[in-house]
Amino acid sequence: MTTDSLHSSSPKIPDRTAAGRALADQLSAYAQPHTLVLALPRGGLPVAYEVAQALNLPLDICLVRKLGLPEQPEVAMGAIASAGVQVLNHSLIDKLAISEALIEQVANLERRELERRDRLYRGGRPPLCVRDRAIILVDDGLATGSTMRAAIAVLKAQQAGSITIVVPVLPASVRQELEQAGYQVVCLATPSPFHAISPWYETFTQVTDEEVTSLLAKADVKMAVRQ
């Protein structure tokens with residue numbers, strides 16, 4: 001499989017694990033002591049796990065919940081993260097005259113799911129500090145890029161250092177938008193035509209909560225041994 005060359009007749013990515021290993025081969029220059037690998041759960045965790053293991057870097061999750069419009073959930077009016085971080089798209093909110101009450105209603109729903117995942121995935125462990133650290137931000141693919149943009153906004157609010165976006169597949173248009181915004185994008189392919197992520201994988205089963213907690217625990221043990 002050649003970078004940036006997937007088409008309808010091309011070989012597909014076997015699974016998320018294979019994607020992570022292939023991406024790690026492109027990231028050796030990022031194996032620096034101040035670098036942190038962050039996964040967007042759930043699907044991004046198996047990819048990020050392989051990247052972190054190959055580069056001998058600490059792994060954590062970037063718990064973000066997009067605040068989608070009630071009738072257009074794919075459109076983000078903001079995002080929330082742990083520790084009370086909230087980022088709002090004020091230009092969209094003003095343009096659509098979205099009320100504070102509606103924003104809070106959506107935020108409360110997403111906050112409950114965020115808290116559930118935080119308790120379950122971290123098991124009481126505090127998140128790793130991102131302030132001034134180089135971040136490798138990983139997902140299993142991007143379609144519109146809205147969740148990734150929300151994650152970037154949250155990390156910037158937490159004063160992270162540089163952010164490199166690492167995904168197996170995404171549309172060329174989304175890659176261009178992210179690069180024009182100043183972010184480096186490392187990927188395996190920008191398939192065309194692009195309608196969804198799953199068709200570019202041979203196996204793309206849903207990642208469970210149990211898989212997320214298991215991989216995070218394994219990463220913690222291996223990092224402790226290395227130290």
# chains A, B, ... in the order shown; residues from 1 in each chain; ligands from 1
>>> residues_around(residues="range 187-204 of chain A", least_positions_apart="2", cutoff="12 Å", atoms="only C-alpha atoms", output="ChimeraX atom specification")
/A:1-27,43-44,46-47,137-145,164-176,184-185,206-207
>>> residues_around(residues="range 147-157 of chain A", least_positions_apart="6", cutoff="12 Å", atoms="only C-alpha atoms", output="PyMOL selection string")
chain A and resi 38-41+44+61-68+73-89+129-141+163-167+170+174-175+177-179+181-183+185
>>> residues_around(residues="Leu59 in chain A", least_positions_apart="4", cutoff="8 Å", atoms="only C-alpha atoms", output="PDB file with C-alpha atoms, in the first residue's frame")
ATOM      1  CA  LEU A  36       3.072  12.718  23.942  1.00  0.00           C
ATOM      2  CA  VAL A  37       0.751  10.480  21.898  1.00  0.00           C
ATOM      3  CA  LEU A  38      -2.946  11.245  22.372  1.00  0.00           C
ATOM      4  CA  ALA A  39      -5.761   9.137  20.959  1.00  0.00           C
ATOM      5  CA  ALA A  48      -2.297   5.365  18.715  1.00  0.00           C
ATOM      6  CA  TYR A  49      -1.222   2.401  20.849  1.00  0.00           C
ATOM      7  CA  ALA A  52       3.288   4.994  21.073  1.00  0.00           C
ATOM      8  CA  LEU A 216      -4.364   2.028  28.149  1.00  0.00           C
ATOM      9  CA  ALA A 219       0.604   1.099  27.697  1.00  0.00           C
ATOM     10  CA  ASP A 220       0.979   2.192  31.331  1.00  0.00           C
TER      11      ASP A 220
END
>>> select_by_dssp(residues="range 68-187 of chain A", states="strand (DSSP E)", output="PyMOL selection string")
chain A and resi 68-69+72-81+86-88+134-138+163-169+184-187
>>> write_last_selection(atoms="N, CA, C and O atoms", output="short mmCIF file (atom, residue, chain, number, x, y, z; two decimals), in the first residue's frame")
data_model
loop_
_atom_site.label_atom_id
_atom_site.label_comp_id
_atom_site.auth_asym_id
_atom_site.auth_seq_id
_atom_site.Cartn_x
_atom_site.Cartn_y
_atom_site.Cartn_z
N GLY A 68 -22.61 19.24 19.04
CA GLY A 68 -23.24 19.33 17.73
C GLY A 68 -24.57 20.04 17.78
O GLY A 68 -25.25 20.06 18.82
N LEU A 69 -24.94 20.64 16.67
CA LEU A 69 -26.27 21.24 16.58
C LEU A 69 -27.33 20.15 16.70
O LEU A 69 -27.18 19.07 16.12
N GLN A 72 -28.37 19.04 13.36
CA GLN A 72 -27.21 18.74 12.51
C GLN A 72 -26.03 18.37 13.39
O GLN A 72 -25.08 19.14 13.54
N PRO A 73 -26.06 17.20 14.01
CA PRO A 73 -25.04 16.84 15.01
C PRO A 73 -23.62 16.79 14.46
O PRO A 73 -22.66 16.87 15.22
N GLU A 74 -23.49 16.67 13.13
CA GLU A 74 -22.14 16.65 12.55
C GLU A 74 -21.52 18.04 12.52
O GLU A 74 -20.31 18.18 12.32
N VAL A 75 -22.31 19.09 12.71
CA VAL A 75 -21.82 20.47 12.72
C VAL A 75 -21.52 20.87 14.16
O VAL A 75 -22.40 20.86 15.01
N ALA A 76 -20.27 21.21 14.44
CA ALA A 76 -19.85 21.51 15.80
C ALA A 76 -20.02 22.99 16.12
O ALA A 76 -19.48 23.85 15.42
N MET A 77 -20.77 23.28 17.19
CA MET A 77 -20.84 24.66 17.68
C MET A 77 -19.85 24.86 18.82
O MET A 77 -19.76 25.94 19.40
N GLY A 78 -19.11 23.79 19.13
CA GLY A 78 -18.10 23.87 20.18
C GLY A 78 -17.68 22.48 20.61
O GLY A 78 -18.01 21.48 19.95
N ALA A 79 -16.96 22.42 21.70
CA ALA A 79 -16.49 21.14 22.23
C ALA A 79 -16.21 21.30 23.72
O ALA A 79 -15.96 22.41 24.21
N ILE A 80 -16.28 20.18 24.43
CA ILE A 80 -15.93 20.18 25.84
C ILE A 80 -14.89 19.10 26.07
O ILE A 80 -14.78 18.14 25.31
N ALA A 81 -14.13 19.27 27.15
CA ALA A 81 -13.13 18.28 27.53
C ALA A 81 -13.11 18.20 29.04
O ALA A 81 -13.86 18.90 29.74
N GLN A 86 -14.16 24.20 27.94
CA GLN A 86 -15.22 24.36 26.93
C GLN A 86 -14.76 25.37 25.89
O GLN A 86 -14.30 26.46 26.24
N VAL A 87 -14.88 24.98 24.64
CA VAL A 87 -14.50 25.86 23.52
C VAL A 87 -15.73 26.03 22.64
O VAL A 87 -16.36 25.04 22.25
N LEU A 88 -16.08 27.27 22.35
CA LEU A 88 -17.26 27.54 21.54
C LEU A 88 -16.90 28.22 20.23
O LEU A 88 -15.96 29.01 20.16
N ALA A 134 4.90 18.55 22.81
CA ALA A 134 4.59 18.23 21.41
C ALA A 134 3.60 17.08 21.42
O ALA A 134 3.81 16.06 22.07
N ILE A 135 2.52 17.24 20.69
CA ILE A 135 1.42 16.27 20.71
C ILE A 135 1.31 15.59 19.35
O ILE A 135 1.25 16.24 18.31
N ILE A 136 1.25 14.25 19.39
CA ILE A 136 0.86 13.46 18.22
C ILE A 136 -0.59 13.05 18.46
O ILE A 136 -0.88 12.25 19.35
N LEU A 137 -1.49 13.64 17.72
CA LEU A 137 -2.93 13.46 17.93
C LEU A 137 -3.47 12.48 16.90
O LEU A 137 -3.41 12.73 15.70
N VAL A 138 -4.00 11.36 17.37
CA VAL A 138 -4.29 10.21 16.51
C VAL A 138 -5.77 9.84 16.50
O VAL A 138 -6.40 9.77 17.56
N ILE A 163 1.17 20.49 17.55
CA ILE A 163 0.20 19.40 17.37
C ILE A 163 0.38 18.83 15.96
O ILE A 163 0.25 19.56 14.97
N THR A 164 0.68 17.54 15.89
CA THR A 164 0.78 16.84 14.61
C THR A 164 -0.40 15.88 14.52
O THR A 164 -0.63 15.08 15.43
N ILE A 165 -1.14 15.96 13.44
CA ILE A 165 -2.34 15.14 13.25
C ILE A 165 -1.95 13.87 12.50
O ILE A 165 -1.37 13.94 11.42
N VAL A 166 -2.27 12.72 13.10
CA VAL A 166 -1.89 11.43 12.53
C VAL A 166 -3.13 10.58 12.35
O VAL A 166 -3.80 10.23 13.33
N VAL A 167 -3.46 10.27 11.11
CA VAL A 167 -4.63 9.44 10.80
C VAL A 167 -4.32 8.56 9.59
O VAL A 167 -3.58 8.97 8.70
N PRO A 168 -4.88 7.36 9.54
CA PRO A 168 -4.63 6.51 8.38
C PRO A 168 -5.21 7.07 7.09
O PRO A 168 -4.52 7.11 6.07
N VAL A 169 -6.47 7.51 7.12
CA VAL A 169 -7.13 7.97 5.90
C VAL A 169 -7.96 9.22 6.18
O VAL A 169 -8.54 9.37 7.25
N GLN A 184 0.72 19.96 10.73
CA GLN A 184 1.29 18.91 9.89
C GLN A 184 0.38 17.69 9.99
O GLN A 184 -0.04 17.30 11.08
N VAL A 185 0.09 17.08 8.86
CA VAL A 185 -0.77 15.90 8.80
C VAL A 185 0.06 14.73 8.27
O VAL A 185 0.65 14.81 7.20
N VAL A 186 0.08 13.65 9.04
CA VAL A 186 0.75 12.42 8.62
C VAL A 186 -0.33 11.37 8.41
O VAL A 186 -1.13 11.10 9.30
N CYS A 187 -0.37 10.79 7.21
CA CYS A 187 -1.43 9.84 6.89
C CYS A 187 -0.88 8.74 5.98
O CYS A 187 0.25 8.83 5.48
#
>>> select_by_dssp(residues="chain A", states="alpha helix (DSSP H)", output="CSV table (one decimal) with N, CA, C and O atoms, in the first residue's frame")
chain,number,residue,atom,x,y,z
A,16,ARG,N,-6.9,-1.5,12.3
A,16,ARG,CA,-6.3,-0.3,13.0
A,16,ARG,C,-4.9,-0.6,13.5
A,16,ARG,O,-4.1,0.3,13.5
A,17,THR,N,-4.7,-1.8,13.9
A,17,THR,CA,-3.3,-2.1,14.4
A,17,THR,C,-2.3,-2.0,13.3
A,17,THR,O,-1.2,-1.4,13.5
A,18,ALA,N,-2.6,-2.5,12.1
A,18,ALA,CA,-1.7,-2.4,11.0
A,18,ALA,C,-1.5,-1.0,10.6
A,18,ALA,O,-0.4,-0.5,10.2
A,19,ALA,N,-2.6,-0.2,10.7
A,19,ALA,CA,-2.5,1.2,10.3
A,19,ALA,C,-1.5,2.0,11.3
A,19,ALA,O,-0.7,2.8,10.8
A,20,GLY,N,-1.6,1.6,12.6
A,20,GLY,CA,-0.8,2.3,13.5
A,20,GLY,C,0.7,1.9,13.3
A,20,GLY,O,1.6,2.8,13.4
A,21,ARG,N,1.0,0.7,13.0
A,21,ARG,CA,2.3,0.3,12.7
A,21,ARG,C,2.9,1.0,11.5
A,21,ARG,O,4.1,1.4,11.4
A,22,ALA,N,2.1,1.1,10.4
A,22,ALA,CA,2.5,1.7,9.2
A,22,ALA,C,2.7,3.2,9.4
A,22,ALA,O,3.7,3.8,8.9
A,23,LEU,N,1.9,3.9,10.2
A,23,LEU,CA,2.1,5.3,10.5
A,23,LEU,C,3.3,5.5,11.4
A,23,LEU,O,4.1,6.5,11.2
A,24,ALA,N,3.6,4.6,12.3
A,24,ALA,CA,4.8,4.7,13.1
A,24,ALA,C,6.1,4.8,12.3
A,24,ALA,O,7.0,5.5,12.7
A,44,GLY,N,-9.6,5.7,17.7
A,44,GLY,CA,-8.2,6.1,17.5
A,44,GLY,C,-7.2,5.4,18.5
A,44,GLY,O,-6.0,5.4,18.2
A,45,LEU,N,-7.7,4.7,19.5
A,45,LEU,CA,-6.8,4.2,20.5
A,45,LEU,C,-6.0,3.0,20.0
A,45,LEU,O,-4.8,3.0,20.2
A,46,PRO,N,-6.5,2.0,19.2
A,46,PRO,CA,-5.7,1.0,18.7
A,46,PRO,C,-4.6,1.5,17.8
A,46,PRO,O,-3.5,0.9,17.7
A,47,VAL,N,-4.9,2.5,17.0
A,47,VAL,CA,-3.9,3.1,16.1
A,47,VAL,C,-2.8,3.8,16.9
A,47,VAL,O,-1.6,3.6,16.7
A,48,ALA,N,-3.2,4.6,17.9
A,48,ALA,CA,-2.3,5.4,18.7
A,48,ALA,C,-1.4,4.4,19.6
A,48,ALA,O,-0.3,4.8,19.8
A,49,TYR,N,-2.0,3.3,20.0
A,49,TYR,CA,-1.2,2.4,20.8
A,49,TYR,C,0.0,1.9,20.1
A,49,TYR,O,1.1,1.9,20.6
A,50,GLU,N,-0.2,1.5,18.8
A,50,GLU,CA,0.9,1.0,18.0
A,50,GLU,C,2.0,2.1,17.8
A,50,GLU,O,3.2,1.9,17.8
A,51,VAL,N,1.5,3.4,17.6
A,51,VAL,CA,2.4,4.5,17.4
A,51,VAL,C,3.3,4.7,18.7
A,51,VAL,O,4.5,4.9,18.6
A,52,ALA,N,2.6,4.7,19.8
A,52,ALA,CA,3.3,5.0,21.1
A,52,ALA,C,4.3,3.9,21.4
A,52,ALA,O,5.4,4.2,21.9
A,53,GLN,N,3.9,2.7,21.1
A,53,GLN,CA,4.8,1.5,21.4
A,53,GLN,C,6.1,1.6,20.5
A,53,GLN,O,7.2,1.4,20.9
A,54,ALA,N,5.8,1.9,19.2
A,54,ALA,CA,7.0,1.9,18.3
A,54,ALA,C,7.9,3.0,18.6
A,54,ALA,O,9.1,2.9,18.4
A,55,LEU,N,7.4,4.2,19.1
A,55,LEU,CA,8.2,5.3,19.3
A,55,LEU,C,8.7,5.4,20.8
A,55,LEU,O,9.4,6.4,21.1
A,90,HIS,N,-18.0,30.8,18.3
A,90,HIS,CA,-18.8,32.0,18.5
A,90,HIS,C,-19.4,32.5,17.2
A,90,HIS,O,-20.5,33.1,17.2
A,91,SER,N,-18.6,32.5,16.2
A,91,SER,CA,-19.1,33.0,14.9
A,91,SER,C,-20.3,32.2,14.4
A,91,SER,O,-21.3,32.8,13.9
A,92,LEU,N,-20.3,30.9,14.6
A,92,LEU,CA,-21.4,30.0,14.2
A,92,LEU,C,-22.6,30.3,15.1
A,92,LEU,O,-23.7,30.4,14.7
A,93,ILE,N,-22.3,30.4,16.4
A,93,ILE,CA,-23.4,30.6,17.4
A,93,ILE,C,-24.1,31.9,17.1
A,93,ILE,O,-25.3,32.0,17.1
A,94,ASP,N,-23.3,33.0,16.8
A,94,ASP,CA,-23.9,34.3,16.5
A,94,ASP,C,-24.7,34.2,15.2
A,94,ASP,O,-25.8,34.8,15.1
A,95,LYS,N,-24.1,33.6,14.2
A,95,LYS,CA,-24.8,33.5,12.9
A,95,LYS,C,-26.1,32.8,13.0
A,95,LYS,O,-27.1,33.3,12.3
A,96,LEU,N,-26.2,31.7,13.7
A,96,LEU,CA,-27.4,31.0,13.8
A,96,LEU,C,-28.3,31.4,15.0
A,96,LEU,O,-29.4,30.8,15.2
A,100,GLU,N,-28.0,30.5,24.7
A,100,GLU,CA,-27.2,30.0,25.8
A,100,GLU,C,-27.9,28.7,26.4
A,100,GLU,O,-27.2,27.8,26.8
A,101,ALA,N,-29.2,28.8,26.5
A,101,ALA,CA,-29.9,27.6,27.0
A,101,ALA,C,-29.7,26.4,26.2
A,101,ALA,O,-29.6,25.3,26.7
A,102,LEU,N,-29.8,26.5,24.9
A,102,LEU,CA,-29.6,25.4,24.0
A,102,LEU,C,-28.1,24.8,24.1
A,102,LEU,O,-27.9,23.6,24.1
A,103,ILE,N,-27.2,25.8,24.1
A,103,ILE,CA,-25.8,25.3,24.3
A,103,ILE,C,-25.6,24.5,25.6
A,103,ILE,O,-25.0,23.5,25.6
A,104,GLU,N,-26.2,25.0,26.6
A,104,GLU,CA,-26.0,24.3,27.9
A,104,GLU,C,-26.8,23.0,27.9
A,104,GLU,O,-26.3,22.0,28.5
A,105,GLN,N,-27.9,22.9,27.2
A,105,GLN,CA,-28.6,21.6,27.1
A,105,GLN,C,-27.8,20.6,26.5
A,105,GLN,O,-27.6,19.5,26.9
A,106,VAL,N,-27.2,21.0,25.3
A,106,VAL,CA,-26.3,20.0,24.6
A,106,VAL,C,-25.1,19.7,25.4
A,106,VAL,O,-24.6,18.5,25.5
A,107,ALA,N,-24.5,20.7,26.0
A,107,ALA,CA,-23.3,20.5,26.8
A,107,ALA,C,-23.5,19.6,28.0
A,107,ALA,O,-22.6,18.7,28.3
A,108,ASN,N,-24.7,19.7,28.6
A,108,ASN,CA,-25.0,18.8,29.8
A,108,ASN,C,-25.1,17.4,29.3
A,108,ASN,O,-24.6,16.5,30.0
A,109,LEU,N,-25.7,17.1,28.2
A,109,LEU,CA,-25.8,15.7,27.7
A,109,LEU,C,-24.4,15.2,27.4
A,109,LEU,O,-24.1,14.0,27.7
A,110,GLU,N,-23.6,16.0,26.7
A,110,GLU,CA,-22.2,15.5,26.3
A,110,GLU,C,-21.3,15.4,27.5
A,110,GLU,O,-20.4,14.5,27.6
A,111,ARG,N,-21.5,16.3,28.5
A,111,ARG,CA,-20.7,16.2,29.7
A,111,ARG,C,-20.9,14.9,30.5
A,111,ARG,O,-19.9,14.4,31.0
A,112,ARG,N,-22.1,14.4,30.5
A,112,ARG,CA,-22.4,13.2,31.2
A,112,ARG,C,-21.6,12.0,30.5
A,112,ARG,O,-21.1,11.1,31.2
A,113,GLU,N,-21.6,12.0,29.2
A,113,GLU,CA,-20.9,10.9,28.5
A,113,GLU,C,-19.4,11.1,28.7
A,113,GLU,O,-18.7,10.1,28.8
A,114,LEU,N,-18.9,12.3,28.6
A,114,LEU,CA,-17.5,12.6,28.9
A,114,LEU,C,-17.1,12.1,30.2
A,114,LEU,O,-16.0,11.5,30.4
A,115,GLU,N,-17.9,12.4,31.2
A,115,GLU,CA,-17.5,12.0,32.6
A,115,GLU,C,-17.6,10.5,32.7
A,115,GLU,O,-16.7,9.9,33.4
A,116,ARG,N,-18.5,9.8,32.1
A,116,ARG,CA,-18.6,8.4,32.1
A,116,ARG,C,-17.3,7.8,31.5
A,116,ARG,O,-16.7,6.9,32.1
A,117,ARG,N,-16.9,8.3,30.4
A,117,ARG,CA,-15.7,7.7,29.7
A,117,ARG,C,-14.5,8.1,30.5
A,117,ARG,O,-13.6,7.2,30.6
A,118,ASP,N,-14.4,9.2,31.1
A,118,ASP,CA,-13.3,9.6,31.9
A,118,ASP,C,-13.1,8.6,33.1
A,118,ASP,O,-12.0,8.2,33.4
A,119,ARG,N,-14.2,8.4,33.8
A,119,ARG,CA,-14.1,7.4,34.9
A,119,ARG,C,-13.8,6.0,34.5
A,119,ARG,O,-12.9,5.4,35.1
A,120,LEU,N,-14.4,5.6,33.4
A,120,LEU,CA,-14.1,4.2,33.0
A,120,LEU,C,-12.8,4.0,32.4
A,120,LEU,O,-12.0,3.1,32.7
A,121,TYR,N,-12.3,4.9,31.5
A,121,TYR,CA,-11.1,4.7,30.8
A,121,TYR,C,-9.9,5.0,31.7
A,121,TYR,O,-8.9,4.3,31.6
A,122,ARG,N,-9.9,6.0,32.5
A,122,ARG,CA,-8.8,6.4,33.3
A,122,ARG,C,-8.7,5.6,34.6
A,122,ARG,O,-7.6,5.5,35.1
A,146,SER,N,-14.4,17.4,11.8
A,146,SER,CA,-15.0,18.2,12.9
A,146,SER,C,-14.5,17.8,14.3
A,146,SER,O,-14.2,18.7,15.1
A,147,THR,N,-14.5,16.5,14.6
A,147,THR,CA,-14.1,16.1,15.9
A,147,THR,C,-12.6,16.4,16.1
A,147,THR,O,-12.2,16.8,17.2
A,148,MET,N,-11.8,16.2,15.1
A,148,MET,CA,-10.3,16.6,15.2
A,148,MET,C,-10.2,18.0,15.4
A,148,MET,O,-9.3,18.4,16.3
A,149,ARG,N,-10.9,18.9,14.8
A,149,ARG,CA,-10.8,20.3,15.0
A,149,ARG,C,-11.2,20.7,16.4
A,149,ARG,O,-10.6,21.5,17.0
A,150,ALA,N,-12.2,20.0,16.9
A,150,ALA,CA,-12.6,20.2,18.3
A,150,ALA,C,-11.5,19.8,19.3
A,150,ALA,O,-11.3,20.5,20.2
A,151,ALA,N,-10.9,18.7,19.0
A,151,ALA,CA,-9.8,18.2,19.9
A,151,ALA,C,-8.6,19.2,19.8
A,151,ALA,O,-8.0,19.5,20.9
A,152,ILE,N,-8.3,19.7,18.7
A,152,ILE,CA,-7.3,20.7,18.5
A,152,ILE,C,-7.6,22.0,19.4
A,152,ILE,O,-6.7,22.5,20.1
A,153,ALA,N,-8.8,22.4,19.3
A,153,ALA,CA,-9.2,23.6,20.0
A,153,ALA,C,-9.1,23.4,21.5
A,153,ALA,O,-8.7,24.3,22.2
A,154,VAL,N,-9.5,22.2,22.0
A,154,VAL,CA,-9.4,21.9,23.4
A,154,VAL,C,-7.9,21.9,23.8
A,154,VAL,O,-7.5,22.4,24.9
A,155,LEU,N,-7.0,21.2,23.0
A,155,LEU,CA,-5.6,21.2,23.4
A,155,LEU,C,-5.0,22.5,23.4
A,155,LEU,O,-4.1,22.8,24.2
A,156,LYS,N,-5.4,23.4,22.5
A,156,LYS,CA,-4.8,24.8,22.4
A,156,LYS,C,-5.3,25.5,23.7
A,156,LYS,O,-4.5,26.3,24.3
A,157,ALA,N,-6.5,25.3,24.1
A,157,ALA,CA,-7.0,25.9,25.4
A,157,ALA,C,-6.2,25.4,26.6
A,157,ALA,O,-6.1,26.1,27.5
A,172,ALA,N,-8.7,14.4,0.8
A,172,ALA,CA,-7.7,15.4,0.5
A,172,ALA,C,-8.1,16.8,0.9
A,172,ALA,O,-7.3,17.6,1.3
A,173,SER,N,-9.4,17.1,0.8
A,173,SER,CA,-9.9,18.5,1.1
A,173,SER,C,-9.7,18.7,2.6
A,173,SER,O,-9.3,19.9,3.0
A,174,VAL,N,-10.0,17.7,3.4
A,174,VAL,CA,-9.8,17.9,4.9
A,174,VAL,C,-8.3,18.1,5.2
A,174,VAL,O,-7.9,18.9,6.1
A,175,ARG,N,-7.5,17.3,4.6
A,175,ARG,CA,-6.0,17.4,4.8
A,175,ARG,C,-5.6,18.8,4.5
A,175,ARG,O,-4.8,19.4,5.2
A,176,GLN,N,-6.0,19.3,3.3
A,176,GLN,CA,-5.6,20.6,2.9
A,176,GLN,C,-6.0,21.7,3.9
A,176,GLN,O,-5.3,22.6,4.2
A,177,GLU,N,-7.3,21.6,4.4
A,177,GLU,CA,-7.8,22.6,5.3
A,177,GLU,C,-6.9,22.6,6.6
A,177,GLU,O,-6.6,23.6,7.1
A,178,LEU,N,-6.6,21.4,7.1
A,178,LEU,CA,-5.8,21.3,8.3
A,178,LEU,C,-4.4,21.8,8.1
A,178,LEU,O,-3.8,22.5,9.0
A,179,GLU,N,-3.8,21.5,7.0
A,179,GLU,CA,-2.5,22.0,6.7
A,179,GLU,C,-2.4,23.5,6.5
A,179,GLU,O,-1.5,24.2,6.9
A,180,GLN,N,-3.5,24.1,5.9
A,180,GLN,CA,-3.6,25.5,5.7
A,180,GLN,C,-3.7,26.2,7.0
A,180,GLN,O,-3.4,27.4,7.1
A,209,ASP,N,-15.4,-0.3,24.9
A,209,ASP,CA,-14.9,0.4,26.1
A,209,ASP,C,-13.8,-0.5,26.7
A,209,ASP,O,-12.8,-0.1,27.2
A,210,GLU,N,-14.1,-1.8,26.7
A,210,GLU,CA,-13.1,-2.8,27.3
A,210,GLU,C,-11.8,-2.8,26.6
A,210,GLU,O,-10.7,-2.9,27.2
A,211,GLU,N,-11.8,-2.7,25.3
A,211,GLU,CA,-10.6,-2.6,24.5
A,211,GLU,C,-9.8,-1.3,24.8
A,211,GLU,O,-8.5,-1.3,24.9
A,212,VAL,N,-10.5,-0.2,25.0
A,212,VAL,CA,-9.8,1.0,25.3
A,212,VAL,C,-9.1,0.9,26.7
A,212,VAL,O,-7.9,1.2,26.8
A,213,THR,N,-9.8,0.4,27.7
A,213,THR,CA,-9.2,0.3,29.0
A,213,THR,C,-8.1,-0.7,29.0
A,213,THR,O,-7.0,-0.4,29.7
A,214,SER,N,-8.2,-1.7,28.3
A,214,SER,CA,-7.1,-2.8,28.2
A,214,SER,C,-5.9,-2.2,27.6
A,214,SER,O,-4.7,-2.4,28.1
A,215,LEU,N,-6.0,-1.5,26.5
A,215,LEU,CA,-4.8,-0.9,25.8
A,215,LEU,C,-4.2,0.2,26.6
A,215,LEU,O,-2.9,0.3,26.7
A,216,LEU,N,-4.9,1.0,27.3
A,216,LEU,CA,-4.4,2.0,28.1
A,216,LEU,C,-3.6,1.4,29.3
A,216,LEU,O,-2.5,1.9,29.7
A,217,ALA,N,-4.1,0.3,29.9
A,217,ALA,CA,-3.5,-0.4,31.0
A,217,ALA,C,-2.2,-1.0,30.5
A,217,ALA,O,-1.1,-0.9,31.2
A,218,LYS,N,-2.2,-1.6,29.3
A,218,LYS,CA,-1.0,-2.2,28.8
A,218,LYS,C,0.1,-1.1,28.5
A,218,LYS,O,1.3,-1.3,28.8
A,219,ALA,N,-0.3,0.0,28.0
A,219,ALA,CA,0.6,1.1,27.7
A,219,ALA,C,1.2,1.6,29.0
A,219,ALA,O,2.4,1.9,29.0
A,220,ASP,N,0.5,1.7,30.1
A,220,ASP,CA,1.0,2.2,31.3
A,220,ASP,C,2.0,1.2,31.9
A,220,ASP,O,3.1,1.6,32.4
A,221,VAL,N,1.7,-0.1,31.8
A,221,VAL,CA,2.7,-1.1,32.3
A,221,VAL,C,4.0,-1.0,31.5
A,221,VAL,O,5.1,-1.1,32.1
A,222,LYS,N,3.9,-1.0,30.2
A,222,LYS,CA,5.1,-1.0,29.4
A,222,LYS,C,5.9,0.2,29.6
A,222,LYS,O,7.1,0.2,29.6
A,223,MET,N,5.3,1.4,29.7
A,223,MET,CA,6.0,2.6,30.0
A,223,MET,C,6.7,2.6,31.3
A,223,MET,O,7.9,3.0,31.5
A,224,ALA,N,6.0,2.0,32.3
A,224,ALA,CA,6.6,1.9,33.7
A,224,ALA,C,7.9,1.0,33.6
A,224,ALA,O,8.9,1.3,34.3
A,225,VAL,N,7.8,-0.1,32.9
A,225,VAL,CA,8.9,-1.0,32.8
A,225,VAL,C,10.1,-0.3,32.1
A,225,VAL,O,11.3,-0.5,32.5
A,226,ARG,N,9.8,0.4,31.0
A,226,ARG,CA,10.9,1.1,30.3
A,226,ARG,C,11.6,2.2,31.1
A,226,ARG,O,12.8,2.4,30.9
